[in-house]
file input.cif (mmCIF, C-alpha atoms)
data_my_file
loop_
_atom_site.label_atom_id
_atom_site.label_comp_id
_atom_site.auth_asym_id
_atom_site.auth_seq_id
_atom_site.Cartn_x
_atom_site.Cartn_y
_atom_site.Cartn_z
CA MET A 1 6.80 104.44 145.68
CA PHE A 2 6.35 102.80 142.30
CA LEU A 3 9.01 105.16 140.89
CA SER A 4 11.45 104.10 143.62
CA ILE A 5 10.81 100.43 142.86
CA ALA A 6 11.35 101.03 139.13
CA ILE A 7 14.62 102.85 139.80
CA LEU A 8 15.75 100.07 142.13
CA ASP A 9 14.88 97.43 139.53
CA SER A 10 16.82 99.33 136.87
CA PHE A 11 19.82 99.64 139.16
CA ILE A 12 19.75 95.92 139.92
CA LEU A 13 19.50 95.15 136.21
CA VAL A 14 22.50 97.35 135.37
CA LEU A 15 24.46 95.88 138.27
CA SER A 16 23.66 92.36 137.08
CA GLY A 17 24.85 93.25 133.59
CA VAL A 18 28.14 94.65 134.89
CA LEU A 19 28.63 91.59 137.08
CA THR A 20 27.97 89.25 134.16
CA VAL A 21 30.48 91.07 131.95
CA SER A 22 33.06 90.98 134.75
CA VAL A 23 32.57 87.25 135.30
CA PHE A 24 32.93 86.53 131.58
CA GLY A 25 36.03 88.74 131.42
CA LEU A 26 37.62 86.98 134.37
CA GLY A 27 36.72 83.60 132.90
CA PHE A 28 38.37 84.53 129.60
CA VAL A 29 41.58 85.59 131.33
CA VAL A 30 41.69 82.40 133.44
CA TYR A 31 41.05 80.22 130.39
CA ASN A 32 43.61 82.02 128.23
CA GLN A 33 46.35 82.07 130.86
CA PHE A 34 45.92 78.73 132.64
CA ILE A 35 43.46 76.30 131.06
CA HIS A 36 44.26 76.73 127.36
CA PRO A 37 48.02 76.06 127.70
CA ILE A 38 47.26 72.82 129.56
CA ILE A 39 44.74 71.74 126.91
CA SER A 40 47.19 72.63 124.15
CA ARG A 41 49.86 70.50 125.76
CA LYS A 42 47.50 67.53 126.11
CA GLU A 43 46.28 67.89 122.52
CA SER A 44 49.87 67.89 121.30
CA ASP A 45 50.40 64.32 122.57
CA ARG A 46 50.89 63.14 119.02
CA TYR A 47 51.79 59.50 118.39
CA ILE A 48 53.91 60.11 115.31
CA PRO A 49 57.48 61.32 115.93
CA VAL A 50 58.60 64.59 114.42
CA GLN A 51 60.11 64.72 110.97
CA SER A 52 62.51 67.14 109.31
CA GLY A 53 60.52 69.98 107.83
CA ASP A 54 57.70 69.99 110.40
CA LYS A 55 56.65 73.57 111.20
CA TYR A 56 54.77 75.12 114.10
CA ASP A 57 53.54 78.73 114.09
CA LEU A 58 52.91 80.93 117.11
CA VAL A 59 51.22 84.34 117.37
CA VAL A 60 51.24 86.06 120.77
CA ASP A 61 47.86 87.21 122.06
CA GLU A 62 47.64 91.01 122.06
CA LEU A 63 45.66 91.14 125.30
CA SER A 64 47.96 89.08 127.51
CA ARG A 65 51.13 90.01 125.54
CA PHE A 66 52.68 86.75 126.72
CA ALA A 67 52.97 83.22 125.35
CA THR A 68 54.97 80.07 125.92
CA PHE A 69 56.03 77.27 123.59
CA HIS A 70 57.16 73.93 125.04
CA ILE A 71 59.30 71.31 123.31
CA GLY A 72 59.27 67.90 124.94
CA CYS A 73 59.01 64.16 124.49
CA LYS A 74 55.26 63.49 124.71
CA THR A 75 53.91 66.88 125.78
CA GLY A 76 54.26 70.45 124.62
CA GLN A 77 53.29 72.27 121.46
CA LEU A 78 56.12 70.37 119.78
CA ALA A 79 56.03 66.79 121.05
CA THR A 80 58.96 64.95 119.49
CA ARG A 81 57.91 61.43 120.62
CA CYS A 82 61.63 60.73 120.99
CA ASN A 83 62.69 59.02 124.22
CA ALA A 84 65.97 60.96 124.33
CA ILE A 85 64.12 64.25 124.78
CA SER A 86 62.97 65.41 128.23
CA GLU A 87 59.57 66.88 128.96
CA ASP A 88 59.86 70.66 128.81
CA HIS A 89 63.31 70.15 127.29
CA LEU A 90 63.12 73.72 125.97
CA ILE A 91 60.63 76.36 127.10
CA PHE A 92 60.29 79.52 125.02
CA GLN A 93 58.73 82.57 126.68
CA PHE A 94 57.53 85.44 124.49
CA LYS A 95 56.88 88.89 126.00
CA LYS A 96 55.34 91.50 123.70
CA SER A 97 56.03 95.20 124.02
CA ARG A 98 52.96 97.20 125.02
CA ASP A 99 52.83 99.48 121.98
CA SER A 100 54.72 97.69 119.21
CA GLU A 101 55.44 94.35 117.59
CA ASP A 102 58.68 93.96 119.50
CA TYR A 103 59.24 90.88 121.63
CA THR A 104 61.75 89.65 124.14
CA ILE A 105 62.28 85.89 123.87
CA THR A 106 63.65 83.92 126.79
CA VAL A 107 64.58 80.26 126.41
CA LEU A 108 64.86 77.92 129.39
CA LYS A 109 66.41 74.48 129.13
CA ASN A 110 65.73 71.34 131.14
CA GLY A 111 67.89 68.92 129.16
CA PRO A 112 71.18 68.83 127.21
CA SER A 113 71.04 71.54 124.53
CA PHE A 114 73.25 73.42 122.11
CA TYR A 115 72.43 76.93 120.93
CA LYS A 116 73.48 78.86 117.82
CA PRO A 117 72.53 82.56 118.15
CA PRO A 118 71.22 84.50 115.13
CA ARG A 119 73.97 85.36 112.61
CA MET A 120 76.46 83.07 114.34
CA GLU A 121 78.11 80.12 112.60
CA HIS A 122 78.76 77.68 115.41
CA TYR A 123 76.79 75.96 118.15
CA GLY A 124 77.78 76.31 121.78
CA LYS A 125 76.60 74.56 124.91
CA MET A 126 73.46 76.31 126.04
CA GLU A 127 73.29 78.01 129.41
CA SER A 128 70.29 77.47 131.67
CA LYS A 129 68.69 80.58 130.14
CA GLU A 130 69.20 82.51 126.90
CA SER A 131 67.49 85.71 125.75
CA PHE A 132 67.26 87.60 122.46
CA GLU A 133 64.96 90.06 120.69
CA SER A 134 62.45 89.22 117.97
CA TYR A 135 64.03 91.51 115.37
CA GLU A 136 67.26 89.49 115.62
CA ILE A 137 65.63 86.39 114.15
CA ILE A 138 63.98 88.01 111.11
CA GLY A 139 65.77 86.15 108.31
CA HIS A 140 68.41 84.88 110.72
CA PRO A 141 67.09 81.98 112.80
CA ALA A 142 68.12 81.04 116.29
CA GLU A 143 68.97 77.34 116.19
CA PHE A 144 68.96 74.64 118.84
CA ARG A 145 70.11 71.04 119.12
CA ILE A 146 68.55 68.83 121.78
CA SER A 147 69.42 65.32 122.96
CA ASP A 148 69.88 63.22 126.09
CA LYS A 149 73.63 63.72 126.48
CA ILE A 150 76.67 65.70 125.44
CA THR A 151 79.89 63.71 124.94
CA LYS A 152 83.21 65.54 124.66
CA GLU A 153 81.46 68.83 123.88
CA ARG A 154 79.43 67.35 121.05
CA MET A 155 76.17 65.54 120.41
CA VAL A 156 76.23 62.26 118.53
CA ASN A 157 72.45 62.04 118.23
CA PHE A 158 70.24 65.12 118.17
CA ILE A 159 67.21 66.96 116.84
CA GLU A 160 67.71 70.44 115.38
CA ILE A 161 65.02 73.08 115.81
CA SER A 162 65.14 76.62 114.42
CA LEU A 163 63.09 79.69 115.39
CA THR A 164 62.41 82.58 113.01
CA SER A 165 60.04 85.54 113.00
CA SER A 166 58.16 87.24 110.17
CA PHE A 167 55.32 89.70 109.65
CA TYR A 168 51.85 89.04 108.25
CA PHE A 169 48.52 90.87 108.03
CA ASN A 170 45.68 89.49 110.15
CA ARG A 171 41.99 89.57 109.21
CA SER A 172 41.68 93.10 110.54
CA GLY A 173 44.43 94.27 108.23
CA LYS A 174 46.84 94.80 111.11
CA GLU A 175 50.47 93.83 110.72
CA ARG A 176 51.44 91.22 113.31
CA MET A 177 54.54 89.20 114.02
CA LYS A 178 54.47 85.43 113.66
CA PHE A 179 57.03 83.02 115.07
CA THR A 180 57.83 79.77 113.29
CA PHE A 181 59.52 76.72 114.79
CA GLU A 182 60.91 74.29 112.22
CA VAL A 183 62.40 70.85 112.78
CA GLY A 184 65.68 70.58 110.93
CA LYS A 185 68.19 67.74 110.84
CA ILE A 186 67.54 64.65 112.95
CA GLN A 187 70.78 62.74 113.46
CA PRO A 188 70.83 59.85 112.67
CA GLY A 189 67.03 59.76 112.44
CA ILE A 190 64.19 58.30 114.50
CA ASN A 191 63.48 54.59 114.11
CA ARG A 192 59.72 54.53 113.62
CA LYS A 193 59.65 50.74 113.38
CA VAL A 194 60.59 50.23 117.03
CA ARG A 195 58.11 51.70 119.50
CA PHE A 196 58.79 51.70 123.21
CA ARG A 197 56.41 51.81 126.16
CA GLY A 198 54.58 55.10 126.26
CA ASP A 199 54.43 55.28 122.47
CA VAL A 200 57.86 56.82 122.09
CA TYR A 201 60.72 56.05 119.74
CA GLY A 202 64.50 56.12 119.85
CA PHE A 203 67.23 57.54 117.66
CA GLY A 204 68.34 55.27 114.81
CA LYS A 205 67.69 54.48 111.20
CA GLU A 206 64.82 52.27 110.21
CA GLU A 207 65.71 48.94 108.67
CA GLY A 208 66.10 49.32 104.96
CA SER A 209 66.27 53.13 105.09
CA GLU A 210 68.79 54.84 102.90
CA GLU A 211 71.73 56.78 104.29
CA ASP A 212 71.40 60.58 104.09
#
call {"tool": "encode", "arguments": {"input": "input.cif", "output": "structure tokens"}}
result
Amino acid sequence: MFLSIAILDSFILVLSGVLTVSVFGLGFVVYNQFIHPIISRKESDRYIPVQSGDKYDLVVDELSRFATFHIGCKTGQLATRCNAISEDHLIFQFKKSRDSEDYTITVLKNGPSFYKPPRMEHYGKMESKESFESYEIIGHPAEFRISDKITKERMVNFIEISLTSSFYFNRSGKERMKFTFEVGKIQPGINRKVRFRGDVYGFGKEEGSEED
């Protein structure tokens, strides 16, 4: 009888351990897929508008093999704080191959955008969705221009953003791919001396600023 009780207690203990591990595993997946992106977007509510040269790096998690990067006005990993930019103006979706550092990148737009594919010389009006592979942007960035309107097939005011990929070695000595978003030209600039409701700013040169 005592042996049966001991075996039962051991079984319950093992079962409890498995259940605990399962709960923690499920919690990690839920946090990584749903909670963390929301927190990241809230934390990115910066009050200083973007500047030319700002860079943002992204490494896709190996477990989920999927990541998103949002560019918007006040939210997103790249919050421009410019009132001409929509929330989720551009959404980048990264899907990693199962067995290699190859990625398919899909870009969705929710506001006026121009797109210059890797190795191309000219911008064209962006479709609702564009896709390309990660190897295409190694040394040859994909470039985007975003604004609130397109007039006669051109943008008068805009923010340029480029996306490139490169390799690096992580702490485990494994070669991984890193994606870098960089803010390029801002035409004609963002007037940081005039702040609108919601802590956003408009296109324009600050008083006393020099012409580019």
call {"tool": "resolve_selection", "arguments": {"input": "input.cif", "expression": "the PyMOL selection byres ((chain A and resi 59) around 7)", "output": "list in words"}}
result
Asp57, Leu58, Val60, Asp61, Met177, Lys178 and Phe179 of chain A
call {"tool": "closest_residue", "arguments": {"input": "input.cif", "among": "A:Ser165, A:Pro118, A:Pro112, A:Thr68", "to": "Glu153 in chain A", "atoms": "only C-alpha atoms"}}
result
A:Pro112
call {"tool": "closest_residue", "arguments": {"input": "input.cif", "among": "A:Lys125, A:Lys116, A:Arg195, A:Lys74", "to": "Ile161 in chain A", "atoms": "only C-alpha atoms"}}
result
A:Lys116
call {"tool": "resolve_selection", "arguments": {"input": "input.cif", "expression": "the PyMOL selection byres ((chain A and resi 120) around 10)", "output": "PyMOL selection string"}}
result
chain A and resi 115-119+121-123+140-143
call {"tool": "closest_residue", "arguments": {"input": "input.cif", "among": "A:Leu108, A:Val50, A:Ile138, A:Val156", "to": "Val183 in chain A", "atoms": "only C-alpha atoms"}}
result
A:Val50
call {"tool": "atom_distance", "arguments": {"input": "input.cif", "atom1": "CA of Ser147 in chain A", "atom2": "CA of Lys95 in chain A"}}
result
26.9 Å
call {"tool": "closest_residue", "arguments": {"input": "input.cif", "among": "A:Ile150, A:Ile105, A:Met155, A:Cys82", "to": "Val194 in chain A", "atoms": "all atoms listed in the file"}}
result
A:Cys82
